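J.: This is the content of model.txt (compact mmCIF, C-alpha atoms):
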```
# COMPACT_ATOMS: atom_id res chain seq x y z
CA MET P 1 11.09 21.96 74.80
CA LYS P 2 13.37 20.00 77.10
CA GLU P 3 16.47 18.52 75.47
CA LYS P 4 16.44 14.74 75.18
CA PHE P 5 20.17 14.51 75.70
CA PRO P 6 21.27 17.43 77.94
CA GLY P 7 24.61 18.99 77.13
CA ILE P 8 24.61 18.17 73.45
CA GLY P 9 23.28 21.57 72.46
CA CYS P 10 20.65 20.73 69.88
CA ARG P 11 17.29 19.07 69.84
CA HIS P 12 16.89 16.17 67.49
CA ARG P 13 14.03 13.78 66.92
CA LEU P 14 14.74 10.43 65.42
CA SER P 15 14.32 10.87 61.71
CA ARG P 16 13.95 8.68 58.68
CA LEU P 17 17.70 8.26 58.83
CA ALA P 18 17.40 6.69 62.28
CA VAL P 19 14.92 4.22 60.86
CA LEU P 20 17.38 3.55 58.05
CA VAL P 21 20.22 2.95 60.52
CA CYS P 22 18.06 0.50 62.44
CA ALA P 23 17.01 -1.25 59.24
CA VAL P 24 20.63 -1.52 58.11
CA THR P 25 21.54 -2.95 61.50
CA ILE P 26 18.87 -5.61 61.24
CA LEU P 27 19.56 -6.36 57.58
CA ALA P 28 23.31 -6.61 58.19
CA GLY P 29 22.63 -9.52 60.51
CA LEU P 30 20.28 -11.38 58.16
CA PRO P 31 22.93 -13.03 55.95
CA ALA P 32 24.65 -14.50 59.00
CA MET P 33 21.33 -15.75 60.37
CA ALA P 34 20.29 -17.18 57.00
CA ALA P 35 23.60 -18.99 56.60
CA ASP P 36 23.43 -20.35 60.14
CA GLY P 37 26.80 -18.76 60.70
CA PRO P 38 27.85 -16.93 63.82
CA PRO P 39 25.91 -13.75 64.54
CA ILE P 40 27.55 -10.45 63.73
CA ALA P 41 28.34 -8.50 66.89
CA PRO P 42 26.53 -5.18 67.33
CA SER P 43 29.92 -3.51 67.71
CA GLN P 44 30.89 -4.70 64.23
CA VAL P 45 27.64 -3.55 62.62
CA TYR P 46 27.64 -0.11 64.23
CA GLY P 47 31.39 0.19 63.78
CA ARG P 48 31.05 -0.32 60.02
CA ILE P 49 28.34 2.32 59.81
CA LEU P 50 30.36 4.80 61.89
CA ASN P 51 33.44 4.19 59.72
CA GLU P 52 31.46 5.12 56.62
CA VAL P 53 30.05 8.27 58.25
CA GLU P 54 33.53 9.22 59.45
CA ARG P 55 34.99 8.77 55.96
CA GLU P 56 32.41 11.17 54.53
CA VAL P 57 32.64 13.75 57.35
CA ILE P 58 36.43 13.83 57.44
CA GLY P 59 36.50 14.06 53.64
CA VAL P 60 34.34 17.19 53.72
CA ALA P 61 36.28 18.69 56.63
CA GLU P 62 39.56 18.14 54.78
CA ALA P 63 38.15 19.48 51.49
CA MET P 64 37.10 22.85 52.95
CA PRO P 65 40.03 25.27 52.70
CA ALA P 66 41.30 26.65 56.01
CA GLY P 67 40.40 30.17 54.89
CA LYS P 68 36.76 29.12 54.54
CA TYR P 69 36.37 27.43 57.94
CA ASN P 70 34.63 30.54 59.30
CA PHE P 71 32.15 30.56 56.42
CA ALA P 72 28.45 30.71 57.20
CA PRO P 73 25.79 31.55 54.63
CA THR P 74 24.41 35.08 54.79
CA SER P 75 22.18 35.25 51.74
CA GLY P 76 18.72 33.94 52.53
CA ASN P 77 17.29 32.77 55.84
CA PHE P 78 20.54 31.82 57.58
CA LYS P 79 20.65 34.26 60.50
CA GLY P 80 22.47 32.77 63.47
CA VAL P 81 23.59 29.52 61.81
CA ARG P 82 26.87 27.90 62.75
CA THR P 83 29.99 28.46 60.69
CA PHE P 84 31.65 25.47 59.02
CA ALA P 85 34.16 25.33 61.90
CA GLU P 86 31.35 25.49 64.45
CA GLN P 87 29.55 22.63 62.66
CA ALA P 88 32.71 20.49 62.89
CA LYS P 89 33.38 21.40 66.53
CA HIS P 90 29.75 20.79 67.47
CA MET P 91 29.87 17.35 65.83
CA ALA P 92 33.10 16.48 67.67
CA SER P 93 31.66 17.54 71.03
CA ALA P 94 28.38 15.76 70.37
CA ASN P 95 30.22 12.55 69.45
CA TYR P 96 31.87 12.59 72.87
CA ASN P 97 28.56 13.32 74.58
CA TYR P 98 26.56 10.65 72.77
CA PHE P 99 29.22 7.94 72.91
CA SER P 100 30.06 8.58 76.58
CA ALA P 101 26.62 7.12 77.35
CA LEU P 102 28.03 3.75 76.26
CA GLY P 103 30.25 3.76 79.34
CA LEU P 104 33.72 4.90 78.33
CA LYS P 105 34.99 8.11 79.86
CA PRO P 106 36.02 10.68 77.22
CA ASN P 107 39.78 10.85 76.74
CA ARG P 108 39.83 14.65 76.49
CA ASP P 109 38.25 17.77 77.93
CA VAL P 110 35.23 18.05 75.66
CA LYS P 111 34.59 21.70 76.60
CA SER P 112 38.01 22.65 75.21
CA ILE P 113 36.84 21.79 71.67
CA ASP P 114 34.81 25.02 71.50
CA SER P 115 37.96 27.12 71.83
CA LEU P 116 39.75 25.54 68.85
CA THR P 117 40.34 27.92 65.93
CA SER P 118 42.69 26.33 63.38
CA LYS P 119 41.54 23.88 60.73
CA SER P 120 44.20 21.37 61.79
CA ASP P 121 43.14 21.46 65.47
CA ILE P 122 39.44 21.21 64.63
CA LEU P 123 40.07 18.39 62.15
CA GLN P 124 42.13 16.51 64.75
CA ALA P 125 39.39 16.93 67.38
CA LEU P 126 36.86 15.58 64.88
CA LYS P 127 39.07 12.59 64.05
CA ASP P 128 39.69 11.94 67.75
CA SER P 129 35.94 12.04 68.46
CA PHE P 130 35.33 9.35 65.84
CA ALA P 131 38.16 7.22 67.28
CA TYR P 132 36.52 7.61 70.69
CA GLY P 133 33.18 6.64 69.14
CA ARG P 134 34.73 3.46 67.71
CA SER P 135 36.23 2.60 71.10
CA SER P 136 32.86 3.15 72.76
CA ILE P 137 31.04 1.10 70.14
CA GLY P 138 33.61 -1.63 70.74
CA THR P 139 32.13 -2.12 74.21
CA MET P 140 28.76 -3.15 72.75
CA THR P 141 27.94 -6.82 72.89
CA ALA P 142 24.88 -8.85 71.98
CA GLN P 143 24.20 -9.03 75.72
CA ASN P 144 24.36 -5.29 76.50
CA ALA P 145 23.44 -3.50 73.25
CA PHE P 146 19.72 -3.30 74.01
CA LEU P 147 19.76 -3.05 77.80
CA SER P 148 18.41 0.18 79.23
CA LEU P 149 21.04 2.66 80.33
CA GLY P 150 18.47 4.19 82.66
CA LYS P 151 18.39 7.44 80.67
CA ASN P 152 14.92 7.79 79.18
CA GLY P 153 15.07 4.14 78.19
CA ALA P 154 18.11 4.73 75.99
CA THR P 155 20.26 1.75 75.05
CA ARG P 156 23.84 1.52 73.80
CA ALA P 157 22.56 0.63 70.33
CA GLY P 158 20.10 3.53 70.44
CA MET P 159 22.74 6.04 71.53
CA ALA P 160 25.13 4.82 68.82
CA ALA P 161 22.34 5.20 66.24
CA ALA P 162 21.50 8.68 67.56
CA ALA P 163 25.18 9.71 67.28
CA ILE P 164 25.32 8.47 63.70
CA VAL P 165 22.08 10.27 62.79
CA HIS P 166 23.41 13.45 64.41
CA CYS P 167 26.63 13.22 62.38
CA ASN P 168 24.63 12.81 59.20
CA ASP P 169 22.53 15.89 60.00
CA HIS P 170 25.63 18.05 60.31
CA TYR P 171 27.42 16.34 57.44
CA GLY P 172 24.58 17.49 55.20
CA GLN P 173 24.99 21.06 56.40
CA MET P 174 28.76 20.91 55.91
CA VAL P 175 28.28 19.58 52.37
CA GLU P 176 26.05 22.56 51.59
CA TYR P 177 28.67 25.00 52.91
CA LEU P 178 31.36 23.25 50.86
CA ARG P 179 29.22 23.46 47.70
CA MET P 180 28.37 27.13 48.36
CA ASN P 181 32.11 27.76 48.19
CA GLY P 182 32.53 25.95 44.88
CA PHE P 183 33.84 22.60 46.12
CA ALA P 184 32.36 19.14 45.70
CA PRO P 185 32.28 16.67 48.59
CA PRO P 186 34.91 13.93 48.06
CA ALA P 187 32.29 11.17 48.52
CA THR P 188 30.57 12.35 45.31
CA MET P 189 33.69 12.30 43.15
```
Kindly present the structure from the file in structure tokens form.
T.:
Amino acid sequence: MKEKFPGIGCRHRLSRLAVLVCAVTILAGLPAMAADGPPIAPSQVYGRILNEVEREVIGVAEAMPAGKYNFAPTSGNFKGVRTFAEQAKHMASANYNYFSALGLKPNRDVKSIDSLTSKSDILQALKDSFAYGRSSIGTMTAQNAFLSLGKNGATRAGMAAAAIVHCNDHYGQMVEYLRMNGFAPPATM
């Protein structure tokens, strides 16, 4: 199967979560439309959603002890899965890859993320990737959010939604790893 977004390293189909993100985007604009107030900019809507995802992801990444960053499940059908650190690094790299489609050049060498080994460096790369995502989302306007980027019909809004869905996929895996090690995700406390 050919990757939809080359260079990201995993194959994802839009899931129910993508539908949810789109629904939230539409519903977030309804109060402004109903009140005849000014429309909410796409950058604000997607920015709010990304901020929430970041809060959850960074919370889990901070909650996992440094000594457990190389944890990957071994009991059961988990052969070849990423470690917790690899999940975090993959998410950081993917954020740069997805959000670069919005037009901003990444502010770091994305390939260097794979070589990071310490919790603090990985956590910083993850935080930086979300900051880059917010900057990229900030370039979305009502005029350009749904224009084709020429890449399989992708749009800025679609790429932002895909990035958020991707983060949620890996957040779920990171939560499982955290729980397998006896810790609860901060968002549930």
J.: Let me make sure I understand: among P:Gly80, P:Gly153, P:Pro185, P:Gly133, which one has the smallest atom-to-atom distance to P:Arg48 if we use only C-alpha atoms?
T.: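 Between P:Gly80, P:Gly153, P:Pro185, P:Gly133, the residue approaching P:Arg48 most closely is P:Gly133.
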J.: Please report the interatomic distance between atom CA of P:Phe183 and atom CA of P:Lys127 in Å with one decimal.
T.: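 Computed distance, atom CA of P:Phe183 to atom CA of P:Lys127, equals 21.2 Å.
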J.: Considering all atoms listed in the file, state which residue in the set P:Cys167, P:Ala154, P:Ala145, P:Ala92 is at the smallest distance from P:Tyr132.
T.: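 Ranked by minimum distance to P:Tyr132, first place goes to P:Ala92.
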J.: May I have the residues within 12 Å of P:Ile113 as a CSV table (one decimal) with C-alpha atoms, keeping the file's coordinate frame, using all atoms listed in the file and disregarding those fewer than 2 positions away in the same chain?
T.:
```csv
chain,number,residue,atom,x,y,z
P,85,ALA,CA,34.2,25.3,61.9
P,86,GLU,CA,31.4,25.5,64.4
P,87,GLN,CA,29.6,22.6,62.7
P,88,ALA,CA,32.7,20.5,62.9
P,89,LYS,CA,33.4,21.4,66.5
P,90,HIS,CA,29.8,20.8,67.5
P,91,MET,CA,29.9,17.4,65.8
P,92,ALA,CA,33.1,16.5,67.7
P,93,SER,CA,31.7,17.5,71.0
P,94,ALA,CA,28.4,15.8,70.4
P,95,ASN,CA,30.2,12.6,69.4
P,96,TYR,CA,31.9,12.6,72.9
P,108,ARG,CA,39.8,14.6,76.5
P,109,ASP,CA,38.2,17.8,77.9
P,110,VAL,CA,35.2,18.0,75.7
P,111,LYS,CA,34.6,21.7,76.6
P,115,SER,CA,38.0,27.1,71.8
P,116,LEU,CA,39.8,25.5,68.8
P,117,THR,CA,40.3,27.9,65.9
P,118,SER,CA,42.7,26.3,63.4
P,121,ASP,CA,43.1,21.5,65.5
P,122,ILE,CA,39.4,21.2,64.6
P,123,LEU,CA,40.1,18.4,62.2
P,124,GLN,CA,42.1,16.5,64.8
P,125,ALA,CA,39.4,16.9,67.4
P,126,LEU,CA,36.9,15.6,64.9
P,128,ASP,CA,39.7,11.9,67.8
P,129,SER,CA,35.9,12.0,68.5
```
J.: Kindly extract all protein, DNA and RNA residues lying within 9 Å of the coordinates (34.0, 20.4, 55.0) given in the file, considering only C-alpha atoms, and supply them as a VMD selection string.
T.: chain P and resid 57 to 65 69 84 to 85 88 171 174 to 178 185
J.: Between atom CA of P:Gly182 and atom CA of P:Phe130, what distance in Å does the model show, to one decimal?
T.: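 Taking atom CA of P:Gly182 and atom CA of P:Phe130, their separation equals 26.9 Å.
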J.: Atom CA of P:Glu52 and atom CA of P:Ala187, how far apart in Å?
T.: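 These atoms are spaced 10.1 Å apart.
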J.: Fewer than 6 positions away in the same chain doesn't count, so skip those; otherwise give me all residues within 7 Å of P:Met140, counting only C-alpha atoms, as a PDB file with C-alpha atoms, in the frame of the given file.
T.:
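Result file is part-v4.pdb:
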```pdb
ATOM      1  CA  PRO P  42      26.530  -5.180  67.330  1.00  0.00           C
ATOM      2  CA  SER P  43      29.920  -3.510  67.710  1.00  0.00           C
ATOM      3  CA  ARG P 156      23.840   1.520  73.800  1.00  0.00           C
TER       4      ARG P 156
END
```
J.: Please return the centre and edge lengths, in Å to one decimal, of a box with edges along x, y and z that contains all listed atoms of stretch 57-75 of chain P, widened by 5 Å on every side, as JSON.
T.:
```
{"center_x": 31.7, "center_y": 24.5, "center_z": 55.4, "size_x": 29.1, "size_y": 31.5, "size_z": 17.8}
```
J.: Using all atoms listed in the file, find the one residue out of P:Val53, P:Thr139, P:Ala101, P:Asn181 that sits nearest to P:Phe71.
T.: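 With all atoms listed in the file as the atom set, the closest residue is P:Asn181.
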